Amino acid sequence: GPSYAEVAQKYEATDAIIDTLASKVIKGGSGVWGNVQQMTPHPALSMDSARTMVRYILSLRNQSISK
């Protein structure tokens with residue numbers, strides 16, 4: 001899958017996007033990044049914990065990405 005920095009570049013850190021991404025962390029998913037392996041669900045994770053993780057990842061937006 002993509003690096004955290006790549007995720008941060010793709011998404012703006014709005015409340016709505018944070019909630020959407022937090023839900024995806026909990027439920028898992030695929031298809032957003034093309035033909036890559038499905039993200040494993042984390043059903044035991046609370047929504048608050050998932051939001052905290054997503055906020056951290058999106059905070060990496062201004063860091064450089066090595067390609």
# chains A, B, ... in the order shown; residues from 1 in each chain; ligands from 1
call {"tool": "select_by_dssp", "arguments": {"residues": "chain A", "states": "strand (DSSP E or B)", "output": "list in words"}}
result
Gly29, Ser30, Gly31, Gly34, Asn35, Val36, Gln37, Gln38 and Met39 of chain A
call {"tool": "write_last_selection", "arguments": {"atoms": "N, CA, C and O atoms", "output": "PDB file, in the first residue's frame"}}
result
ATOM      1  N   GLY A  29     -10.566  -2.194   3.610  1.00  0.00           N
ATOM      2  CA  GLY A  29     -11.044  -1.798   2.301  1.00  0.00           C
ATOM      3  C   GLY A  29      -9.997  -1.965   1.227  1.00  0.00           C
ATOM      4  O   GLY A  29      -8.868  -2.389   1.479  1.00  0.00           O
ATOM      5  N   SER A  30     -10.401  -1.629  -0.006  1.00  0.00           N
ATOM      6  CA  SER A  30      -9.489  -1.713  -1.146  1.00  0.00           C
ATOM      7  C   SER A  30     -10.013  -0.837  -2.272  1.00  0.00           C
ATOM      8  O   SER A  30     -11.119  -0.316  -2.210  1.00  0.00           O
ATOM      9  N   GLY A  31      -9.189  -0.685  -3.309  1.00  0.00           N
ATOM     10  CA  GLY A  31      -9.615  -0.005  -4.515  1.00  0.00           C
ATOM     11  C   GLY A  31      -9.292   1.465  -4.609  1.00  0.00           C
ATOM     12  O   GLY A  31      -9.340   2.032  -5.684  1.00  0.00           O
ATOM     13  N   GLY A  34      -5.677   1.882  -6.448  1.00  0.00           N
ATOM     14  CA  GLY A  34      -5.425   1.025  -7.602  1.00  0.00           C
ATOM     15  C   GLY A  34      -5.384  -0.438  -7.197  1.00  0.00           C
ATOM     16  O   GLY A  34      -6.005  -0.851  -6.220  1.00  0.00           O
ATOM     17  N   ASN A  35      -4.624  -1.207  -7.924  1.00  0.00           N
ATOM     18  CA  ASN A  35      -4.581  -2.650  -7.729  1.00  0.00           C
ATOM     19  C   ASN A  35      -3.539  -3.026  -6.673  1.00  0.00           C
ATOM     20  O   ASN A  35      -2.460  -3.510  -6.991  1.00  0.00           O
ATOM     21  N   VAL A  36      -3.857  -2.765  -5.417  1.00  0.00           N
ATOM     22  CA  VAL A  36      -2.977  -3.129  -4.303  1.00  0.00           C
ATOM     23  C   VAL A  36      -3.746  -4.011  -3.338  1.00  0.00           C
ATOM     24  O   VAL A  36      -4.975  -4.071  -3.366  1.00  0.00           O
ATOM     25  N   GLN A  37      -3.038  -4.664  -2.464  1.00  0.00           N
ATOM     26  CA  GLN A  37      -3.657  -5.570  -1.500  1.00  0.00           C
ATOM     27  C   GLN A  37      -4.643  -4.832  -0.601  1.00  0.00           C
ATOM     28  O   GLN A  37      -4.418  -3.689  -0.219  1.00  0.00           O
ATOM     29  N   GLN A  38      -5.722  -5.508  -0.258  1.00  0.00           N
ATOM     30  CA  GLN A  38      -6.746  -4.938   0.608  1.00  0.00           C
ATOM     31  C   GLN A  38      -6.174  -4.604   1.980  1.00  0.00           C
ATOM     32  O   GLN A  38      -5.359  -5.339   2.528  1.00  0.00           O
ATOM     33  N   MET A  39      -6.610  -3.447   2.518  1.00  0.00           N
ATOM     34  CA  MET A  39      -6.197  -3.057   3.861  1.00  0.00           C
ATOM     35  C   MET A  39      -6.959  -3.925   4.875  1.00  0.00           C
ATOM     36  O   MET A  39      -8.180  -4.050   4.811  1.00  0.00           O
TER      37      MET A  39
END
call {"tool": "select_by_dssp", "arguments": {"residues": "chain A", "states": "alpha helix (DSSP H)", "output": "NGL selection string"}}
result
:A and (4-10 or 15-27 or 47-58)
call {"tool": "atom_distance", "arguments": {"atom1": "CA of Pro41 (chain A)", "atom2": "CA of Leu58 (chain A)"}}
result
19.3 Å
call {"tool": "residues_around", "arguments": {"residues": "region 12-15 of chain A", "least_positions_apart": "4", "cutoff": "8 Å", "atoms": "only C-alpha atoms", "output": "PDB file with C-alpha atoms, in the first residue's frame"}}
result
ATOM      1  CA  ALA A   8      -1.207  12.640   3.647  1.00  0.00           C
ATOM      2  CA  ASP A  19     -14.014  10.332   9.972  1.00  0.00           C
ATOM      3  CA  ARG A  55      -4.777  12.831  12.241  1.00  0.00           C
ATOM      4  CA  LEU A  58      -2.407  13.482   7.703  1.00  0.00           C
ATOM      5  CA  SER A  59      -0.046  15.700   9.723  1.00  0.00           C
TER       6      SER A  59
END
call {"tool": "closest_residue", "arguments": {"among": "A:Ser3, A:Gln9, A:Ile18, A:Ile26", "to": "Arg61 (chain A)", "atoms": "only C-alpha atoms"}}
result
A:Gln9
call {"tool": "residues_around", "arguments": {"residues": "Leu45 (chain A)", "least_positions_apart": "4", "cutoff": "9 Å", "atoms": "only C-alpha atoms", "output": "NGL selection string"}}
result
:A and (25-26 or 49-50)
call {"tool": "write_last_selection", "arguments": {"atoms": "N, CA, C and O atoms", "output": "compact mmCIF listing (two decimals), in the first residue's frame"}}
result
# COMPACT_ATOMS: atom_id res chain seq x y z
N VAL A 25 -10.08 2.53 8.35
CA VAL A 25 -9.09 1.83 9.18
C VAL A 25 -9.78 0.72 9.97
O VAL A 25 -9.28 -0.41 10.05
N ILE A 26 -10.94 1.01 10.51
CA ILE A 26 -11.67 0.04 11.32
C ILE A 26 -12.26 -1.08 10.45
O ILE A 26 -12.15 -2.26 10.78
N SER A 49 -9.57 6.25 18.67
CA SER A 49 -8.19 5.84 18.41
C SER A 49 -7.88 5.90 16.92
O SER A 49 -6.80 6.36 16.52
N ALA A 50 -8.82 5.47 16.09
CA ALA A 50 -8.62 5.52 14.64
C ALA A 50 -8.49 6.97 14.16
O ALA A 50 -7.63 7.28 13.32
call {"tool": "atom_distance", "arguments": {"atom1": "CA of Lys24 (chain A)", "atom2": "CA of Met53 (chain A)"}}
result
11.8 Å
call {"tool": "closest_residue", "arguments": {"among": "A:Ala22, A:Lys10, A:Pro2, A:Val32", "to": "Thr52 (chain A)", "atoms": "only C-alpha atoms"}}
result
A:Ala22
call {"tool": "atom_distance", "arguments": {"atom1": "CA of Leu60 (chain A)", "atom2": "CA of Ala44 (chain A)"}}
result
25.2 Å
